$ cat model_30.tsv   # TSV, C-alpha atoms
chain	number	residue	atom	x	y	z
C	211	MET	CA	90.41	-51.52	48.47
C	212	ARG	CA	91.72	-50.98	51.93
C	213	GLN	CA	91.16	-52.65	55.26
C	214	ARG	CA	88.63	-51.18	57.68
C	215	SER	CA	91.20	-49.02	59.38
C	216	LEU	CA	91.69	-47.17	56.11
C	217	LEU	CA	88.05	-46.57	55.29
C	218	ILE	CA	87.26	-43.07	54.08
C	219	LEU	CA	83.87	-41.44	54.41
C	220	THR	CA	82.81	-40.11	51.03
C	221	SER	CA	79.55	-38.39	50.17
C	222	VAL	CA	77.72	-39.86	53.15
C	223	ILE	CA	74.75	-37.56	52.65
C	224	ALA	CA	74.44	-38.51	48.98
C	225	THR	CA	75.09	-42.23	49.23
C	226	GLY	CA	74.53	-43.25	52.82
C	227	ALA	CA	77.35	-45.76	52.49
C	228	LEU	CA	81.05	-46.23	53.17
C	229	THR	CA	83.20	-46.60	50.06
C	230	LEU	CA	86.80	-47.53	49.49
C	231	SER	CA	89.13	-45.51	47.31
C	232	ALA	CA	90.64	-48.61	45.73
C	233	CYS	CA	87.70	-50.29	44.05
C	234	GLY	CA	85.99	-51.88	47.01
C	235	SER	CA	83.61	-51.50	49.90
C	236	ARG	CA	82.80	-53.22	53.17
C	237	SER	CA	80.40	-56.04	52.47
C	238	ASP	CA	78.28	-54.97	55.47
C	239	ASP	CA	76.94	-52.16	53.30
C	240	ASP	CA	76.06	-54.38	50.35
C	241	LYS	CA	74.22	-57.47	51.48
C	242	LYS	CA	71.57	-57.48	48.80
C	243	GLY	CA	73.74	-58.77	45.97
C	244	GLY	CA	75.57	-57.20	43.06
C	245	ASP	CA	74.01	-54.44	40.98
C	246	GLY	CA	72.57	-56.06	37.91
C	247	GLY	CA	73.55	-59.47	39.23
C	248	SER	CA	71.35	-62.39	40.12
C	249	GLY	CA	71.77	-64.31	43.32
C	250	SER	CA	75.16	-62.88	44.27
C	251	SER	CA	76.62	-64.21	47.49
C	252	SER	CA	76.83	-61.87	50.48
C	253	ALA	CA	79.78	-61.50	52.79
C	254	ALA	CA	79.51	-63.06	56.22
C	255	SER	CA	81.97	-60.84	58.01
C	256	GLY	CA	82.19	-57.10	58.52
C	257	ASP	CA	85.93	-57.35	57.85
C	258	ASN	CA	85.31	-58.61	54.35
C	259	ILE	CA	85.52	-56.27	51.40
C	260	THR	CA	83.39	-56.32	48.28
C	261	VAL	CA	84.90	-56.26	44.81
C	262	VAL	CA	82.60	-55.60	41.87
C	263	ILE	CA	83.14	-57.00	38.38
C	264	GLY	CA	81.34	-54.99	35.73
C	265	VAL	CA	79.54	-56.53	32.77
C	266	ASP	CA	78.57	-54.70	29.60
C	267	THR	CA	76.52	-56.52	26.99
C	268	PRO	CA	73.12	-56.39	25.29
C	269	LEU	CA	70.59	-57.47	27.92
C	270	THR	CA	67.53	-56.39	25.95
C	271	GLY	CA	66.68	-56.09	22.27
C	272	GLN	CA	69.01	-57.24	19.51
C	273	ASN	CA	71.68	-59.80	20.41
C	274	SER	CA	70.25	-60.14	23.94
C	275	ALA	CA	70.13	-63.96	23.88
C	276	THR	CA	73.92	-64.12	23.62
C	277	GLY	CA	74.32	-61.06	25.83
C	278	LEU	CA	72.41	-62.69	28.67
C	279	GLY	CA	74.60	-65.76	28.28
C	280	ILE	CA	77.58	-63.53	28.97
C	281	GLN	CA	76.00	-61.90	32.03
C	282	TYR	CA	75.12	-65.16	33.70
C	283	GLY	CA	78.40	-66.80	32.76
C	284	VAL	CA	80.09	-64.09	34.83
C	285	GLN	CA	77.51	-64.49	37.59
C	286	ILE	CA	78.24	-68.20	37.95
C	287	ALA	CA	81.99	-67.55	38.13
C	288	VAL	CA	81.44	-64.93	40.84
C	289	ASP	CA	79.17	-67.22	42.84
C	290	ASP	CA	81.68	-70.07	42.55
C	291	ALA	CA	84.48	-67.80	43.79
C	292	ASN	CA	82.42	-66.69	46.77
C	293	THR	CA	81.28	-70.20	47.68
C	294	LYS	CA	84.81	-71.59	47.45
C	295	LYS	CA	86.33	-68.48	49.08
C	296	LEU	CA	88.91	-68.31	46.31
C	297	VAL	CA	90.10	-64.93	47.55
C	298	PRO	CA	90.01	-64.85	51.37
C	299	GLY	CA	88.41	-61.70	52.76
C	300	VAL	CA	86.76	-60.77	49.46
C	301	THR	CA	83.18	-61.07	48.28
C	302	PHE	CA	82.73	-60.61	44.54
C	303	LYS	CA	79.63	-59.10	43.03
C	304	VAL	CA	78.38	-58.27	39.54
C	305	LYS	CA	77.24	-54.96	38.10
C	306	ALA	CA	75.66	-55.61	34.70
C	307	LEU	CA	74.79	-52.80	32.29
C	308	ASP	CA	72.77	-53.06	29.08
C	309	ASP	CA	74.43	-51.54	26.00
C	310	LYS	CA	71.59	-52.61	23.65
C	311	ALA	CA	74.33	-53.44	21.10
C	312	GLN	CA	74.82	-49.70	20.51
C	313	PRO	CA	78.31	-48.09	20.62
C	314	GLY	CA	77.06	-44.83	22.15
C	315	ILE	CA	75.40	-46.61	25.05
C	316	GLY	CA	78.45	-48.80	25.47
C	317	GLN	CA	80.66	-45.75	25.87
C	318	GLN	CA	78.27	-44.31	28.46
C	319	ASN	CA	78.34	-47.61	30.34
C	320	ALA	CA	82.14	-47.71	30.27
C	321	THR	CA	82.23	-44.23	31.79
C	322	ALA	CA	79.76	-45.28	34.48
C	323	LEU	CA	81.72	-48.41	35.35
C	324	VAL	CA	84.99	-46.49	35.57
C	325	ALA	CA	83.34	-43.90	37.82
C	326	ASP	CA	82.18	-46.61	40.24
C	327	LYS	CA	85.16	-47.02	42.56
C	328	ASN	CA	83.99	-50.49	43.58
C	329	VAL	CA	84.32	-51.83	40.02
C	330	ILE	CA	87.75	-53.30	39.46
C	331	ALA	CA	87.39	-54.75	35.94
C	332	THR	CA	84.77	-55.26	33.23
C	333	ILE	CA	83.74	-58.28	31.18
C	334	GLY	CA	82.39	-57.42	27.73
C	335	PRO	CA	81.16	-56.14	25.45
C	336	LEU	CA	79.57	-58.61	23.04
C	337	ASN	CA	79.95	-56.55	19.87
C	338	SER	CA	83.23	-55.42	18.31
C	339	GLY	CA	81.71	-52.11	17.23
C	340	VAL	CA	80.69	-51.38	20.80
C	341	ALA	CA	84.18	-52.30	22.00
C	342	GLN	CA	85.70	-49.62	19.78
C	343	SER	CA	83.73	-46.99	21.67
C	344	MET	CA	84.79	-48.30	25.09
C	345	GLN	CA	88.49	-49.14	24.83
C	346	GLN	CA	89.82	-45.61	25.33
C	347	VAL	CA	87.64	-45.08	28.41
C	348	PHE	CA	88.96	-48.20	30.12
C	349	SER	CA	92.52	-47.47	29.02
C	350	GLN	CA	92.52	-44.01	30.57
C	351	ALA	CA	91.30	-45.52	33.85
C	352	ASN	CA	93.84	-48.39	33.75
C	353	MET	CA	90.90	-50.79	34.06
C	354	VAL	CA	90.99	-54.31	32.66
C	355	GLU	CA	88.42	-55.07	29.97
C	356	ILE	CA	88.06	-58.69	28.85
C	357	SER	CA	85.66	-59.48	26.05
C	358	PRO	CA	84.45	-63.08	25.76
C	359	SER	CA	83.21	-62.50	22.23
C	360	ASN	CA	84.88	-59.65	20.27
C	361	THR	CA	86.58	-61.06	17.18
C	362	ASN	CA	87.63	-58.07	15.05
C	363	PRO	CA	91.47	-58.26	14.84
C	364	ALA	CA	92.01	-54.47	14.91
C	365	LEU	CA	90.80	-54.23	18.50
C	366	SER	CA	93.96	-55.89	19.77
C	367	GLN	CA	96.37	-55.75	16.84
C	368	GLY	CA	95.75	-52.26	15.46
C	369	LYS	CA	94.22	-50.95	12.25
C	370	ASP	CA	97.13	-52.15	10.08
C	371	TRP	CA	97.04	-55.76	11.29
C	372	ALA	CA	96.17	-57.14	7.84
C	373	SER	CA	99.39	-55.76	6.35
C	374	GLY	CA	101.41	-57.58	8.99
C	375	LYS	CA	102.08	-54.42	11.01
C	376	LYS	CA	100.55	-55.43	14.32
C	377	GLU	CA	100.57	-53.01	17.23
C	378	ARG	CA	98.53	-53.35	20.39
C	379	PRO	CA	96.45	-50.17	20.86
C	380	PHE	CA	95.41	-50.70	24.50
C	381	LYS	CA	97.21	-52.81	27.09
C	382	THR	CA	94.02	-52.92	29.17
C	383	TYR	CA	92.08	-54.82	26.48
C	384	PHE	CA	91.95	-58.62	26.43
C	385	ARG	CA	89.69	-61.24	24.91
C	386	THR	CA	88.96	-64.92	25.42
C	387	ALA	CA	87.63	-65.43	21.85
C	388	THR	CA	89.97	-65.91	18.91
C	389	THR	CA	89.87	-63.38	16.07
C	390	ASP	CA	88.15	-63.20	12.70
C	391	ALA	CA	91.53	-63.51	11.02
C	392	ASN	CA	91.27	-67.15	12.05
C	393	GLN	CA	87.50	-67.53	11.90
C	394	GLY	CA	86.88	-66.05	8.45
C	395	ASN	CA	89.69	-68.05	6.89
C	396	PHE	CA	88.56	-71.23	8.68
C	397	ALA	CA	85.04	-70.77	7.28
C	398	ALA	CA	86.26	-70.15	3.72
C	399	ASP	CA	88.52	-73.18	3.90
C	400	TYR	CA	85.60	-75.36	5.00
C	401	ALA	CA	83.25	-73.94	2.36
C	402	ALA	CA	85.71	-74.47	-0.50
C	403	LYS	CA	87.43	-77.69	0.51
C	404	THR	CA	84.82	-79.62	2.51
C	405	LEU	CA	81.53	-78.36	1.12
C	406	ASN	CA	83.10	-78.03	-2.36
C	407	LYS	CA	81.22	-74.80	-3.00
C	408	LYS	CA	82.29	-73.08	-6.20
C	409	SER	CA	80.47	-69.75	-5.83
C	410	ALA	CA	79.24	-67.59	-2.97
C	411	PHE	CA	77.13	-64.48	-2.50
C	412	VAL	CA	78.57	-62.44	0.39
C	413	VAL	CA	76.44	-60.17	2.60
C	414	ASP	CA	77.22	-58.12	5.69
C	415	ASP	CA	75.42	-55.82	8.11
C	416	LYS	CA	77.87	-52.88	7.76
C	417	GLN	CA	78.97	-53.28	11.37
C	418	THR	CA	82.57	-53.64	12.55
C	419	TYR	CA	82.22	-57.35	13.26
C	420	GLY	CA	80.09	-58.34	10.28
C	421	ALA	CA	81.85	-56.31	7.62
C	422	GLY	CA	85.28	-57.39	8.82
C	423	LEU	CA	84.39	-61.08	8.98
C	424	SER	CA	82.73	-61.17	5.57
C	425	ALA	CA	85.69	-59.38	3.96
C	426	ILE	CA	88.11	-61.98	5.32
C	427	PHE	CA	85.88	-64.83	4.14
C	428	LYS	CA	85.48	-63.27	0.67
C	429	ASP	CA	89.21	-62.82	0.13
C	430	LYS	CA	90.10	-66.30	1.31
C	431	PHE	CA	87.28	-68.00	-0.62
C	432	ALA	CA	88.49	-66.29	-3.82
C	433	ALA	CA	92.10	-67.24	-3.07
C	434	LEU	CA	91.01	-70.87	-2.83
C	435	GLY	CA	89.47	-70.70	-6.31
C	436	GLY	CA	85.91	-69.89	-5.31
C	437	LYS	CA	83.95	-67.27	-7.23
C	438	VAL	CA	82.24	-64.42	-5.38
C	439	VAL	CA	79.23	-63.89	-7.64
C	440	GLY	CA	77.78	-60.97	-5.70
C	441	THR	CA	78.02	-58.84	-2.59
C	442	ASP	CA	75.52	-56.71	-0.71
C	443	HIS	CA	74.91	-54.97	2.59
C	444	ILE	CA	71.90	-54.77	4.87
C	445	ASN	CA	71.06	-52.64	7.89
C	446	THR	CA	70.67	-54.00	11.40
C	447	GLY	CA	67.02	-54.05	12.26
C	448	ASP	CA	65.88	-54.76	8.69
C	449	THR	CA	63.14	-57.37	8.33
C	450	ASP	CA	62.22	-57.34	4.63
C	451	PHE	CA	64.96	-58.90	2.50
C	452	SER	CA	63.01	-59.46	-0.70
C	453	THR	CA	65.38	-57.36	-2.81
C	454	LEU	CA	68.41	-59.19	-1.43
C	455	VAL	CA	66.72	-62.55	-2.00
C	456	THR	CA	66.12	-61.65	-5.65
C	457	LYS	CA	69.80	-60.71	-6.11
C	458	ILE	CA	70.96	-63.94	-4.55
C	459	LYS	CA	68.52	-65.99	-6.63
C	460	ASN	CA	69.65	-64.35	-9.87
C	461	SER	CA	73.32	-64.88	-9.00
C	462	HIS	CA	72.91	-68.69	-8.99
C	463	ALA	CA	75.31	-68.87	-6.04
C	464	ASP	CA	76.06	-72.21	-4.38
C	465	MET	CA	75.86	-70.62	-0.95
C	466	VAL	CA	75.42	-67.37	0.95
C	467	TYR	CA	77.96	-66.10	3.46
C	468	TYR	CA	76.65	-63.60	5.98
C	469	GLY	CA	78.72	-61.39	8.27
C	470	GLY	CA	76.55	-60.25	11.16
C	471	GLN	CA	74.25	-61.40	13.94
C	472	TYR	CA	71.42	-63.91	14.12
C	473	ASP	CA	68.71	-61.22	14.34
C	474	GLU	CA	68.87	-60.55	10.61
C	475	SER	CA	70.33	-63.79	9.24
C	476	GLU	CA	67.52	-65.90	10.69
C	477	LEU	CA	65.08	-63.87	8.57
C	478	ILE	CA	67.30	-63.88	5.49
C	479	THR	CA	67.50	-67.67	5.40
C	480	LYS	CA	63.76	-68.00	6.03
C	481	GLN	CA	62.91	-65.66	3.16
C	482	LEU	CA	65.49	-67.31	0.88
C	483	LYS	CA	64.01	-70.77	1.36
C	484	ALA	CA	60.47	-69.43	0.98
C	485	ALA	CA	61.52	-68.05	-2.42
C	486	GLY	CA	62.78	-71.47	-3.48
C	487	VAL	CA	66.49	-70.71	-3.06
C	488	LYS	CA	67.61	-73.96	-1.50
C	489	ILE	CA	71.22	-73.10	-0.71
C	490	PRO	CA	72.92	-73.00	2.69
C	491	LEU	CA	73.57	-69.77	4.54
C	492	MET	CA	76.84	-69.69	6.47
C	493	GLY	CA	78.02	-67.17	9.03
C	494	GLY	CA	80.19	-66.59	12.06
C	495	ASP	CA	79.75	-66.88	15.80
C	496	GLY	CA	77.29	-63.97	15.79
C	497	MET	CA	74.82	-66.41	14.22
C	498	TYR	CA	75.55	-69.28	16.59
C	499	SER	CA	72.48	-69.17	18.80
C	500	ASP	CA	69.52	-71.44	19.39
C	501	THR	CA	67.39	-68.37	18.71
C	502	TYR	CA	68.48	-68.55	15.06
C	503	ILE	CA	66.97	-72.02	14.68
C	504	LYS	CA	63.83	-71.20	16.67
C	505	THR	CA	63.06	-68.19	14.48
C	506	ALA	CA	64.07	-69.63	11.09
C	507	GLY	CA	62.43	-72.97	11.79
C	508	ALA	CA	62.80	-75.61	9.08
C	509	ALA	CA	64.50	-73.04	6.83
C	510	ALA	CA	67.58	-73.23	9.04
C	511	GLU	CA	68.19	-76.88	8.22
C	512	GLY	CA	71.62	-77.29	6.62
C	513	ASP	CA	72.83	-73.79	7.49
C	514	LEU	CA	76.29	-73.44	9.00
C	515	VAL	CA	78.30	-71.26	11.37
C	516	THR	CA	81.78	-71.10	12.73
C	517	SER	CA	82.26	-70.34	16.40
C	518	VAL	CA	85.20	-69.89	18.73
C	519	GLY	CA	86.61	-72.81	20.66
C	520	VAL	CA	85.35	-76.37	20.88
C	521	PRO	CA	81.77	-77.32	21.83
C	522	VAL	CA	81.46	-76.30	25.46
C	523	ASP	CA	79.49	-79.43	26.33
C	524	SER	CA	82.41	-81.59	25.16
C	525	LEU	CA	84.77	-80.29	27.85
C	526	PRO	CA	84.84	-82.05	31.25
C	527	GLU	CA	85.54	-78.76	33.04
C	528	ALA	CA	82.30	-77.31	31.65
C	529	LYS	CA	79.91	-79.90	33.09
C	530	ASN	CA	79.34	-78.09	36.38
C	531	PHE	CA	78.97	-74.77	34.61
C	532	ILE	CA	76.31	-76.09	32.25
C	533	SER	CA	74.49	-77.90	35.06
C	534	THR	CA	74.42	-74.74	37.17
C	535	TYR	CA	73.25	-72.54	34.31
C	536	LYS	CA	70.39	-74.89	33.51
C	537	SER	CA	69.37	-75.60	37.10
C	538	ARG	CA	69.09	-71.90	37.88
C	539	GLY	CA	66.92	-71.34	34.85
C	540	TYR	CA	69.02	-68.46	33.57
C	541	PRO	CA	67.81	-66.94	30.30
C	542	GLY	CA	69.96	-66.56	27.20
C	543	ASP	CA	72.27	-68.91	25.31
C	544	TYR	CA	75.14	-70.20	27.43
C	545	SER	CA	76.65	-72.28	24.64
C	546	THR	CA	77.89	-69.34	22.56
C	547	TYR	CA	79.95	-67.26	24.98
C	548	GLY	CA	78.85	-68.32	28.47
C	549	GLY	CA	81.94	-70.41	29.05
C	550	TYR	CA	84.22	-67.68	27.72
C	551	SER	CA	82.65	-65.11	30.04
C	552	TYR	CA	83.02	-67.51	32.99
C	553	ASP	CA	86.72	-67.86	32.18
C	554	ALA	CA	87.13	-64.10	31.69
C	555	ALA	CA	85.66	-63.47	35.13
C	556	THR	CA	87.82	-66.23	36.62
C	557	ALA	CA	90.91	-64.55	35.14
C	558	VAL	CA	89.93	-61.34	36.94
C	559	ILE	CA	89.24	-63.17	40.21
C	560	ASN	CA	92.60	-64.98	40.06
C	561	ALA	CA	94.33	-61.69	39.28
C	562	VAL	CA	92.75	-60.04	42.32
C	563	LYS	CA	94.19	-62.82	44.48
C	564	THR	CA	97.61	-62.40	42.88
C	565	VAL	CA	97.62	-58.66	43.51
C	566	MET	CA	96.47	-59.06	47.11
C	567	ASP	CA	98.95	-61.84	47.86
C	568	ALA	CA	101.74	-59.54	46.67
C	569	ASN	CA	100.49	-56.79	48.98
C	570	GLY	CA	100.17	-58.59	52.29
C	571	GLY	CA	96.61	-59.70	51.75
C	572	LYS	CA	95.32	-56.20	51.02
C	573	LEU	CA	94.18	-54.69	47.76
C	574	PRO	CA	96.48	-51.72	46.98
C	575	ASP	CA	95.30	-48.22	46.12
C	576	ASP	CA	96.39	-48.75	42.49
C	577	ALA	CA	94.61	-52.11	42.27
C	578	ARG	CA	93.15	-51.48	38.83
C	579	ALA	CA	96.54	-50.78	37.29
C	580	LYS	CA	98.19	-53.74	38.99
C	581	LEU	CA	95.38	-55.96	37.80
C	582	VAL	CA	96.34	-55.24	34.18
C	583	ASP	CA	99.73	-56.88	34.65
C	584	ALA	CA	98.26	-59.77	36.65
C	585	VAL	CA	95.64	-60.56	34.00
C	586	GLN	CA	98.31	-60.49	31.29
C	587	LYS	CA	100.01	-63.38	33.12
C	588	THR	CA	96.83	-65.50	33.23
C	589	ASP	CA	97.41	-69.23	32.94
C	590	LEU	CA	94.41	-71.36	33.84
C	591	GLU	CA	92.32	-74.33	32.77
C	592	GLY	CA	88.85	-72.95	32.27
C	593	VAL	CA	85.47	-74.29	31.24
C	594	SER	CA	86.26	-73.31	27.64
C	595	GLY	CA	89.74	-74.82	27.66
C	596	HIS	CA	93.18	-73.46	28.51
C	597	LEU	CA	93.35	-69.69	28.86
C	598	SER	CA	96.38	-67.45	28.54
C	599	PHE	CA	96.99	-64.21	26.64
C	600	ASP	CA	99.60	-63.35	24.03
C	601	GLU	CA	101.44	-60.04	23.61
C	602	PHE	CA	98.33	-58.48	22.03
C	603	GLY	CA	95.95	-59.54	24.79
C	604	ASP	CA	94.45	-62.19	22.51
C	605	THR	CA	93.72	-65.67	23.77
C	606	THR	CA	96.29	-68.28	22.85
C	607	ASN	CA	93.43	-70.76	22.32
C	608	LYS	CA	92.86	-70.62	18.56
C	609	GLN	CA	90.42	-73.55	18.32
C	610	LEU	CA	87.37	-73.09	16.10
C	611	THR	CA	84.34	-75.24	15.33
C	612	VAL	CA	82.00	-75.48	12.35
C	613	TYR	CA	78.40	-76.21	13.33
C	614	GLN	CA	75.56	-77.22	11.02
C	615	VAL	CA	71.83	-77.33	11.68
C	616	LYS	CA	70.79	-80.97	11.60
C	617	SER	CA	67.30	-82.08	12.67
C	618	GLY	CA	66.71	-78.70	14.24
C	619	LYS	CA	69.90	-78.55	16.33
C	620	TRP	CA	73.41	-77.15	15.97
C	621	VAL	CA	75.74	-80.10	15.47
C	622	ALA	CA	79.54	-79.80	15.47
C	623	VAL	CA	80.90	-81.07	12.14
C	624	LYS	CA	84.52	-79.95	12.36
C	625	THR	CA	86.84	-78.65	15.05
C	626	GLY	CA	90.37	-77.46	14.46
C	627	VAL	CA	92.84	-74.60	14.15
C	628	TYR	CA	93.29	-72.53	11.03
C	629	THR	CA	96.86	-72.94	9.87
C	630	GLY	CA	96.84	-70.96	6.62
$ encode --input "model_30.tsv" --output "structure tokens"
Amino acid sequence: MRQRSLLILTSVIATGALTLSACGSRSDDDKKGGDGGSGSSSAASGDNITVVIGVDTPLTGQNSATGLGIQYGVQIAVDDANTKKLVPGVTFKVKALDDKAQPGIGQQNATALVADKNVIATIGPLNSGVAQSMQQVFSQANMVEISPSNTNPALSQGKDWASGKKERPFKTYFRTATTDANQGNFAADYAAKTLNKKSAFVVDDKQTYGAGLSAIFKDKFAALGGKVVGTDHINTGDTDFSTLVTKIKNSHADMVYYGGQYDESELITKQLKAAGVKIPLMGGDGMYSDTYIKTAGAAAEGDLVTSVGVPVDSLPEAKNFISTYKSRGYPGDYSTYGGYSYDAATAVINAVKTVMDANGGKLPDDARAKLVDAVQKTDLEGVSGHLSFDEFGDTTNKQLTVYQVKSGKWVAVKTGVYTG
């Protein structure tokens, strides 16, 4: 962004608005709130500039409960920044795009966000498979992308991460959620050592996140002496799991581990219990949603998940965030990734201030590129805990929590860090 004296008229006939060549615009031209946002603050002065933070996540269809939690987590961070005037002379707004949990749409959205000169960074996506389709687009534009929920290790550590050869593919990619290398092992450790499960049937949804997580669980569970008595795959969108249920029943497994989202697992557990298979289903953070319990009903009782971080409602810094989310009546599940998206947006907002402070209070023409370095140096206490990034762009917060459905609610039963 530039100050008013450096405004350039671009495509006035087509847009009817003044735009800035460095990711911003005068707030005079944008008083109705951020595109895709809800209740964005407006600037009070014509000298103010508007900076847009993009959001890409599922807003409709599959995974939308957690996706909406991400959108409104960002929205609350933006509104807080505007109310507190965290960056003098700047009004932040949100532009949220729906990727419907589909990689192709995610790539289209990434292209659209990059093309919008007012967008300085993007929060999202929810799904690791969608992230794979977007990373190159953001990298070529030198635009920061921070996911509050991606957990596949290869996104930040390269395809050979499992062999110990870690190499960061894109310096523009960051995440506030710890990886499946920690989560899958943490889950297997809990299943074998705390639940004392001797055998497991492992299922995944063939997607980047689900297949990767289940593979890590399977290997670790076996290494701990557990027996994997069967494996299978399902398709996202499936609703009839009778064949799978029969396989699981015949395997006499002590438990089922599922790598994927709540949309399918909530039906799997319901059909399992209806068939008389009274064993727990365990999964990762993609299952950690109140929607899982609402859909599965009583069948969910005793099921387990692992999720990133500590319970958000246990952190003092999160109280205002939770209160605001509830009081505004925002849809979606804030407890899964809402706090992580708030912190991701706050990292961007703080980085904007850092870049402007180093440039005499103005946002430079190469603001996007400079923001990459500023975000890398993030060091803040957020609503999800302390946030900083390592050399791969991964969060240094490796905390994980096991939740179990008890009396119709997710209850934290163990919090810790996987140590190997």
$ axis_aligned_box --input "model_30.tsv" --around "region 515-522 of chain C" --padding-each-side "3 Å" --output "AutoDock Vina command-line options"
--center_x 82.5 --center_y -73.6 --center_z 18.4 --size_x 14.3 --size_y 13.4 --size_z 20.1
$ residues_around --input "model_30.tsv" --residues "Leu590 (chain C)" --least-positions-apart "6" --cutoff "9 Å" --atoms "only C-alpha atoms" --output "short mmCIF file (atom, residue, chain, number, x, y, z; two decimals) with C-alpha atoms, in the frame of the given file"
data_model
loop_
_atom_site.label_atom_id
_atom_site.label_comp_id
_atom_site.auth_asym_id
_atom_site.auth_seq_id
_atom_site.Cartn_x
_atom_site.Cartn_y
_atom_site.Cartn_z
CA ASP C 553 86.72 -67.86 32.18
CA THR C 556 87.82 -66.23 36.62
CA ALA C 557 90.91 -64.55 35.14
CA HIS C 596 93.18 -73.46 28.51
CA LEU C 597 93.35 -69.69 28.86
CA SER C 598 96.38 -67.45 28.54
#
$ residues_around --input "model_30.tsv" --residues "Asp308 (chain C)" --least-positions-apart "3" --cutoff "9 Å" --atoms "all atoms listed in the file" --output "short mmCIF file (atom, residue, chain, number, x, y, z; two decimals) with C-alpha atoms, in the coordinates of the input"
data_model
loop_
_atom_site.label_atom_id
_atom_site.label_comp_id
_atom_site.auth_asym_id
_atom_site.auth_seq_id
_atom_site.Cartn_x
_atom_site.Cartn_y
_atom_site.Cartn_z
CA VAL C 265 79.54 -56.53 32.77
CA ASP C 266 78.57 -54.70 29.60
CA THR C 267 76.52 -56.52 26.99
CA PRO C 268 73.12 -56.39 25.29
CA LEU C 269 70.59 -57.47 27.92
CA THR C 270 67.53 -56.39 25.95
CA GLY C 277 74.32 -61.06 25.83
CA ALA C 311 74.33 -53.44 21.10
CA ILE C 315 75.40 -46.61 25.05
CA GLY C 316 78.45 -48.80 25.47
CA ASN C 319 78.34 -47.61 30.34
#
$ atom_distance --input "model_30.tsv" --atom1 "CA of Gln481 (chain C)" --atom2 "CA of Ala398 (chain C)"
23.8 Å
$ closest_residue --input "model_30.tsv" --among "C:Ala485, C:Leu454, C:Val518, C:Ile532" --to "Gln393 (chain C)" --atoms "all atoms listed in the file"
C:Val518
$ atom_distance --input "model_30.tsv" --atom1 "CA of Tyr547 (chain C)" --atom2 "CA of Pro358 (chain C)"
6.2 Å
$ closest_residue --input "model_30.tsv" --among "C:Tyr628, C:Val304, C:Val340, C:Glu476" --to "Asn292 (chain C)" --atoms "all atoms listed in the file"
C:Val304
$ closest_residue --input "model_30.tsv" --among "C:Ser537, C:Ser452, C:Thr625, C:Thr588" --to "Ile356 (chain C)" --atoms "all atoms listed in the file"
C:Thr588
$ closest_residue --input "model_30.tsv" --among "C:Ala401, C:Ala322, C:Val621, C:Val354" --to "Ala555 (chain C)" --atoms "only C-alpha atoms"
C:Val354
$ closest_residue --input "model_30.tsv" --among "C:Ala421, C:Val593, C:Leu477, C:Ala568" --to "Lys529 (chain C)" --atoms "only C-alpha atoms"
C:Val593
$ closest_residue --input "model_30.tsv" --among "C:Ser424, C:Gln350, C:Thr301, C:Asn395" --to "Ala325 (chain C)" --atoms "all atoms listed in the file"
C:Gln350
$ residues_around --input "model_30.tsv" --residues "Val515 (chain C)" --least-positions-apart "4" --cutoff "6 Å" --atoms "all atoms listed in the file" --output "compact mmCIF listing (two decimals) with C-alpha atoms, keeping the file's coordinate frame"
# COMPACT_ATOMS: atom_id res chain seq x y z
CA MET C 492 76.84 -69.69 6.47
CA GLY C 493 78.02 -67.17 9.03
CA GLY C 494 80.19 -66.59 12.06
CA VAL C 612 82.00 -75.48 12.35
CA TYR C 613 78.40 -76.21 13.33
$ atom_distance --input "model_30.tsv" --atom1 "CA of Tyr282 (chain C)" --atom2 "CA of Tyr540 (chain C)"
6.9 Å
$ residues_around --input "model_30.tsv" --residues "region 433-443 of chain C" --least-positions-apart "5" --cutoff "10 Å" --atoms "only C-alpha atoms" --output "ChimeraX atom specification"
/C:398-399,401-403,406-417,420-421,424,427-428,454,457-458,460-469
$ residues_around --input "model_30.tsv" --residues "Ser343 (chain C)" --least-positions-apart "2" --cutoff "6 Å" --atoms "only C-alpha atoms" --output "number ranges by chain"
C: 313, 317, 340-341
$ residues_near_point --input "model_30.tsv" --point "(82.2, -57.8, 29.9)" --cutoff "9 Å" --atoms "all atoms listed in the file" --output "MDAnalysis selection string"
chainID C and resid 263:267 280:281 284 306 331:336 355:358 551 554:555
$ decode --input "model_30.tsv" --residues "region 298-302 of chain C" --atoms "N, CA, C and O atoms" --output "CSV table (one decimal), in the first residue's frame"
chain,number,residue,atom,x,y,z
C,298,PRO,N,-1.8,1.6,13.4
C,298,PRO,CA,-2.3,2.9,13.1
C,298,PRO,C,-2.4,3.2,11.6
C,298,PRO,O,-1.4,2.9,10.9
C,299,GLY,N,-3.5,3.7,11.2
C,299,GLY,CA,-3.7,4.1,9.8
C,299,GLY,C,-4.1,2.9,8.9
C,299,GLY,O,-4.3,3.1,7.7
C,300,VAL,N,-4.4,1.8,9.5
C,300,VAL,CA,-4.8,0.6,8.7
C,300,VAL,C,-6.1,0.0,9.3
C,300,VAL,O,-6.3,-0.1,10.5
C,301,THR,N,-7.0,-0.2,8.4
C,301,THR,CA,-8.2,-1.0,8.7
C,301,THR,C,-8.1,-2.3,8.0
C,301,THR,O,-7.9,-2.4,6.8
C,302,PHE,N,-8.3,-3.4,8.7
C,302,PHE,CA,-8.2,-4.8,8.2
C,302,PHE,C,-9.6,-5.3,7.9
C,302,PHE,O,-10.5,-5.0,8.6
